[in-house]
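Have a look at the structure below, then the notes.
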Amino acid sequence: MAQLPKELSKPVQCLMIDNFDSFSWNLYQQLSMLGADVVVVRNDALEQSHFAQLQIQSLVISPGPGHPKTDSGISREIMQYFAGKIPVLGVCMGLECLVDMYGGEITFAGEIMHGKTSHIRHDGRGCLKGLEQGFSSIRYHSLSAEVKTLPEELTITAVTEESGVIMGVRHRTLTLEAVQYHPESILSEGGNTLIKNFLELKGGTWDENPGFKVADSSLPPFPVQVPNHVPEAQAARLPTILEKIHQQRLKDIETAKKTPGTTPTDLSTLLSLHLSPPLISLVPRLRQTPDRPALMAEIKRASPSKGDIAPSANAALQALSYAIAGASVISVLTEPKWFKGSLLDMQFARKAIDSLPNRPAILRKDFIVDEYQIQEARLYGADTVLLIVAMLPLPRLKLLYAYSKKLGMEPLVEVNNTEEMQAALDLGARVIGVNNRNLHNFEVDMQTTTRLADMVKERDVILCALSGIKSNEDVRGYVQEGVSAVLVGESLMRAEDPAAFIRHLLDIPEPATTDKKYRPLVKICGVRTPEVAVAAADAGADLLGLVLAPKSKRYVTLEEASQISSTIRQRRSVHSASQEAKEAVGAVHPANAPWFSLHAERLVTANVSSRPLLVGVFQGQSLDEILRAVSIAQLDLVQLHGTEPAHWAHHIPVPVIRAFHVRSGETTKSLRDVSRPGLHQFILLDSVREVAEGEEALSGGSGKVLDWEAVEETVERGEGPGAVGRLPVILAGGLTPDNVREIVAKSRPWVVDVSGGVETEDGSSKDLEKVKAFVLAAKDT
């Protein structure tokens with residue numbers, strides 16, 4: 001047996017058990033300032049064998065994080081030992097210990113209250129004697145006593161005026177009292193009065209303390225009321241968590257409907273204008289991974305049962321990381337009060353993945369009770385919505401299901417028991433999720449999915465397991481039972497490396513590493529004749545630039561560009577027929593990767609016989625001129641080398657290279673939006689040529705080597721926060737056969753682009769020997 005702590009080997013007026021909480025100091029200070037001699041010990045510093053040796057006059061159980069069953073140490077045991085012997089006061093966790101000790105349940109309070117105030121209605125007896133009705137209190141908790149399971153030995157002494165959550169309980173005969181709020185805080189009114197009352201108690205029973213009127217049978221019982229002020233005698237129970245959320249969402253919807261700009265008429269008008277983003281179908285997206293279960297990866301900052309999970313999480317960044325790691329669906333919590341989500345989260349999560357070739361479906365995870373919310377979902381980018389059978393009468397469920405289908409969205413229908421599963425099947429739902437968490441009390445039972453799995457066998461239904469999934473073992477077990485998709489939220493939000501966690505969860509192999517030697521592609525720009533084009537192609541050039549900007553000294557007419565194009569295409573056709581038969585069939589559904597890396601990889605791995613690709617270089621022309629040139633000259637790519645609007649890329653039918661003109665000392669301005677995805681497919685960095693005062697400073701033909709140090713950080717940073725790998729860029733400006741090897745070794749660009757560096761002395765044509773030397777030096781690094 002461990003030795004009794006030295007400070008407890010003598011008589012002690014007040015012993016406080018510290019449940020590892022910062023508020024313990026405040027409570028200790030309050031007790032001390034009111035005259036108590038207090039000794040504080042942690043909840044793991046005593047053993048039960050010590051209790052008989054203690055000489056204490058009163059006991060206080062402090063606040064603390066977590067649940068009393070798992071996080072309160074010896075708090076419950078010492079409270080039980082001294083019950084009926086001395087006065088005992090519990091604060092926050094202390095109340096939960098008291099209720100749990102007598103067999104009551106501690107569950108979600110229905111609201112997350114961290115540093116928020118509530119007004120308290122109470123019975124005015126015991127430690128609450130002398131406190132004003134409706135006093136203000138500060139609360140830090142998400143758990144509380146469940147009124148339906150409160151044992152007979154205990155009585156409710158205080159509740160919040162606003163929501164009816166239990167704020168105080170007391171033993172009916174013993175001097176055991178507890179409050180859920182924090183009386184030690186300066187924001188709680190009457191806190192000193194409550195503590196003074198406690199310190200005045202003597203003995204272990206209320207009969208020994210008649211002045212506190214707890215044992216006075218002539219007084220009426222405390223009239224506990226539910227939030228709508230129905231007396232307890234008329235109410236079977238307080239609202240469950242799901243009911244509280246339901247009530248709040250109804251209020252939220254009414255507020256939104258009355259707000260100018262978001263009325264039902266406004267939303268209908270926006271939908272009729274086709275302003276909702278394009279949909280993808282949920283069922284095919286979930287079936288794209290027949291060799292493993294589909295992952296529904298959730299963005300969830302908080303929950304009613306766990307409180308804050310990742311309150312500072314960025315929805316867009318989280319969505320992109322999920323998508324690239326292999327998620328089939330991204331579930332976005334949009335409920336603001338309990339889950340700290342928003343429609344804006346969903347909108348930006350959708351925007352972050354919109355440029356991916358095989359983006360996940362977006363699920364609006366909320367408590368859908370009105371068609372209005374389904375309209376919101378479409379306008380903010382959802383592909384599907386959650387319908388919870390437990391909170392919807394069957395006629396309402398059918399109407400919402402039908403309306404979602406009308407807007408093109410197959411809903412995820414959530415069930416928790418056999419009755420709800422049968423309702424979902426009768427509905428004709430094709431995607432059914434079994435929630436392992438009971439939404440009435442938020443308790444998790446991982447066997448819920450197991451019990452219901454047989455009901456969907458031999459049916460054309462995708463069965464999803466929702467909630468509580470933390471490991472690869474959980475997933476494997478569900479797959480054996482016929483589960484096709486799993487939803488994972490909290491574990492993913494807490495993971496340091498979501499991509500690695502997803503690979504572990506779904507048995508996805510580590511990304512393959514390649515020992516392939518690095519070689520950049522080579523672009524020869526300023527080609528003016530078919531002969532030079534063929535010679536450059538024979539030398540190994542991957543891209544040929546045809547300058548169609550009239551002000552350039554390397555300008556070719558549209559007729560000349562067409563002749564070059566015809567010659568190169570004839571050359572390519574010689575090899576393409578035999579190569580086509582050898583082409584491997586690619587994946588039906590392309591992997592997701594960051595925008596620029598994806599397009600660079602596609603071009604690198606394209607059929608070699610289709611090279612060199614023809615790039616039309618434009619600067620200052622209209623969009624119509626560019627489109628005409630693409631059609632007539634049959635260009636493979638377009639290079640926008642001036643100040644053309646970025647959105648033109650959406651109207652140009654071939655991939656677009658956009659030039660960024662890097663001026664020394666103005667890198668931030670020069671590279672603004674350089675990694676913005678979804679518009680141009682490729683990035684070219686070029687140095688700025690000297691121009692006369694008043695002229696527009698653009699790149700091209702400068703002969704100046706790009707200041708690599710000025711752009712290195714941008715390239716190394718990649719495609720934004722969380723991106724893996726460098727930004728693939730085309731490097732231009734001042735390159736020659738003599739310096740390209742060194743520059744490539746230093747900067748490792750995706751493509752090197754040369755024009756003046758491989759020309760004859762007079763600049764009238766390409767020097768074919770220089771072209772050969774440049775290609776050899778660039779690729780032999």
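Letters A, B, ... mark the chains of the structure tokens in the order given; residue numbers begin at 1 per chain; ligand numbers begin at 1, in order shown.
Near A:Gly725, within 10 Å and counting only C-alpha atoms, sit Pro594, Ser597, Val715, Glu716, Arg717, Gly718 and Glu719 of chain A; same-chain residues fewer than 4 positions away were not included.
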Quick one: contact table of stretch 591-642 of chain A to stretch 748-764 of chain A, 10 Å max, nearest atom pair and distance in Å to one decimal per residue, counting only C-alpha atoms, chain and number order, as a Markdown table?
```
| residue | atom | partner | partner_atom | distance |
| --- | --- | --- | --- | --- |
| A:Ser597 | CA | A:Trp750 | CA | 9.8 |
| A:Ala600 | CA | A:Trp750 | CA | 7.8 |
| A:Glu601 | CA | A:Trp750 | CA | 9.7 |
| A:Val604 | CA | A:Trp750 | CA | 9.3 |
```
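If you measure from each of A:Leu679, A:Lys148, A:Gly191, A:Thr175 to A:Phe135 using only C-alpha atoms, the closest one turns out to be A:Gly191.
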Could you go through stretch 306-491 of chain A and tell me which residues DSSP, when run on the backbone, assigns to strand (DSSP E or B), listing them as a PyMOL selection string? chain A and resi 307-308+329-333+361-365+384-388+412-415+431-435+437+444+462-466+485-488
Closest to A:Val486 among A:Val534, A:Ala499, A:Leu317, A:Ala294, using only C-alpha atoms? A:Ala294
Given only C-alpha atoms as the basis, pick out the residue of A:His661, A:His647, A:Lys523, A:His246 nearest to A:Leu614.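 Looking at the shortest contact to A:Leu614, the residue is A:Lys523.
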Among stretch 88-275 of chain A, which ones does DSSP place in helix (DSSP H, G or I), written as a PyMOL selection string? chain A and resi 93-101+126-128+147-149+191-200+206-208+210-212+232-234+241-258+264-272
Atomic distance atom CA of A:Lys351 - atom CA of A:Ala297, expressed in Å with one decimal: 16.4 Å
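For the choices A:Ser268, A:Arg125, A:Glu481, A:Val775, the atom-to-atom distance to A:Phe212 is smallest for A:Arg125 when using only C-alpha atoms.
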Neighbours of A:Gly468 within 7 Å (only C-alpha atoms; same-chain residues fewer than 2 positions away dropped), as a ChimeraX atom specification? /A:436,444,446,470
Which residues are near A:Ile330? Cut-off 10 Å, only C-alpha atoms, ignore same chain within fewer than 6 positions. Put them as a ChimeraX atom specification. /A:295-299,318-320,322-323,346,349-350,353,359-365,382-383,487-489
In Å, how far is it from atom CA of A:Pro411 to atom CA of A:Ala377?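 For atom CA of A:Pro411 relative to atom CA of A:Ala377, the distance reads 11.4 Å.
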May I have the residues within 7 Å of A:Gly204 as a PyMOL selection string, using only C-alpha atoms and disregarding those fewer than 4 positions away in the same chain? chain A and resi 83-87+174-175
Selection near A:Phe20, 8 Å with only C-alpha atoms, sequence-local residues under 4 positions removed, as a PyMOL selection string: chain A and resi 24+42-43+64-65
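Going from atom CA of A:Ala549 over to atom CA of A:Ala533, you cover 18.3 Å.
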Would you pick out the contacts of A:Val159 at 10 Å or less, using only C-alpha atoms, so that residues sharing its chain but fewer than 3 positions from it are not included, and give the list as a short mmCIF file (atom, residue, chain, number, x, y, z; two decimals) with N, CA, C and O atoms, in the first residue's frame?
```cif
data_model
loop_
_atom_site.label_atom_id
_atom_site.label_comp_id
_atom_site.auth_asym_id
_atom_site.auth_seq_id
_atom_site.Cartn_x
_atom_site.Cartn_y
_atom_site.Cartn_z
N SER A 118 -25.64 31.11 -18.53
CA SER A 118 -27.06 30.73 -18.50
C SER A 118 -27.66 31.25 -17.20
O SER A 118 -26.96 31.44 -16.21
N HIS A 119 -28.97 31.47 -17.23
CA HIS A 119 -29.68 31.86 -16.02
C HIS A 119 -30.23 30.61 -15.33
O HIS A 119 -30.72 29.70 -15.99
N ILE A 120 -30.12 30.59 -14.01
CA ILE A 120 -30.41 29.39 -13.24
C ILE A 120 -31.67 29.58 -12.39
O ILE A 120 -31.80 30.57 -11.66
N ARG A 121 -32.58 28.63 -12.53
CA ARG A 121 -33.75 28.56 -11.64
C ARG A 121 -33.49 27.42 -10.67
O ARG A 121 -33.02 26.35 -11.04
N HIS A 122 -33.79 27.62 -9.36
CA HIS A 122 -33.38 26.64 -8.35
C HIS A 122 -34.40 26.56 -7.22
O HIS A 122 -35.36 27.35 -7.17
N ASP A 123 -34.18 25.63 -6.28
CA ASP A 123 -35.16 25.43 -5.21
C ASP A 123 -34.88 26.26 -3.97
O ASP A 123 -35.68 26.26 -3.01
N GLY A 134 -33.00 33.03 -11.07
CA GLY A 134 -32.58 33.54 -12.38
C GLY A 134 -31.18 34.13 -12.38
O GLY A 134 -30.83 34.88 -13.30
N ILE A 156 -33.49 16.83 -8.37
CA ILE A 156 -33.01 17.99 -9.13
C ILE A 156 -33.22 19.25 -8.31
O ILE A 156 -34.31 19.48 -7.79
N GLU A 162 -33.21 28.66 -19.84
CA GLU A 162 -33.34 28.68 -21.29
C GLU A 162 -33.60 27.31 -21.88
O GLU A 162 -34.38 27.16 -22.84
N SER A 163 -32.97 26.27 -21.33
CA SER A 163 -33.03 24.96 -21.99
C SER A 163 -33.41 23.81 -21.08
O SER A 163 -33.55 22.68 -21.55
N GLY A 164 -33.56 24.05 -19.77
CA GLY A 164 -33.98 23.00 -18.87
C GLY A 164 -32.92 21.98 -18.54
O GLY A 164 -33.22 20.90 -18.03
N VAL A 165 -31.63 22.28 -18.83
CA VAL A 165 -30.55 21.36 -18.52
C VAL A 165 -30.31 21.36 -17.01
O VAL A 165 -30.31 22.41 -16.36
N ILE A 166 -30.09 20.17 -16.44
CA ILE A 166 -29.86 20.04 -14.99
C ILE A 166 -28.59 20.79 -14.58
O ILE A 166 -27.51 20.55 -15.12
N MET A 167 -28.72 21.70 -13.63
CA MET A 167 -27.60 22.47 -13.12
C MET A 167 -27.29 22.15 -11.66
O MET A 167 -26.29 22.63 -11.12
N GLY A 168 -28.15 21.37 -11.00
CA GLY A 168 -27.89 21.03 -9.61
C GLY A 168 -28.64 19.77 -9.20
O GLY A 168 -29.77 19.54 -9.63
N VAL A 169 -27.99 18.92 -8.40
CA VAL A 169 -28.65 17.75 -7.82
C VAL A 169 -28.24 17.65 -6.35
O VAL A 169 -27.20 18.17 -5.94
N VAL A 179 -23.31 21.01 -8.19
CA VAL A 179 -23.79 21.92 -9.24
C VAL A 179 -22.98 21.68 -10.50
O VAL A 179 -21.80 21.32 -10.44
N GLN A 180 -23.62 21.88 -11.65
CA GLN A 180 -22.95 21.67 -12.94
C GLN A 180 -22.19 22.91 -13.38
O GLN A 180 -21.17 22.82 -14.08
N VAL A 224 -39.58 21.20 -11.52
CA VAL A 224 -38.73 21.09 -12.72
C VAL A 224 -39.60 21.29 -13.95
O VAL A 224 -40.71 20.77 -14.02
N GLN A 225 -39.09 22.06 -14.92
CA GLN A 225 -39.84 22.30 -16.15
C GLN A 225 -38.95 22.00 -17.35
O GLN A 225 -37.75 22.22 -17.32
N VAL A 226 -39.58 21.52 -18.40
CA VAL A 226 -38.88 21.35 -19.65
C VAL A 226 -38.85 22.71 -20.35
O VAL A 226 -39.53 23.64 -19.93
N PRO A 227 -38.07 22.87 -21.43
CA PRO A 227 -37.90 24.19 -22.03
C PRO A 227 -39.17 24.92 -22.44
O PRO A 227 -39.21 26.14 -22.42
#
```
Nearest candidate to A:Ser305 (options A:Leu54, A:Leu386, A:Leu131, A:Met113; using only C-alpha atoms):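 When distances to A:Ser305 are compared using only C-alpha atoms, the smallest one comes from A:Met113.
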Looking at only C-alpha atoms, which of A:Gln422, A:Thr529, A:Thr193, A:Gln619 is the one that sits closest to A:Lys766?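 Among the listed residues, A:Thr529 lies closest to A:Lys766.
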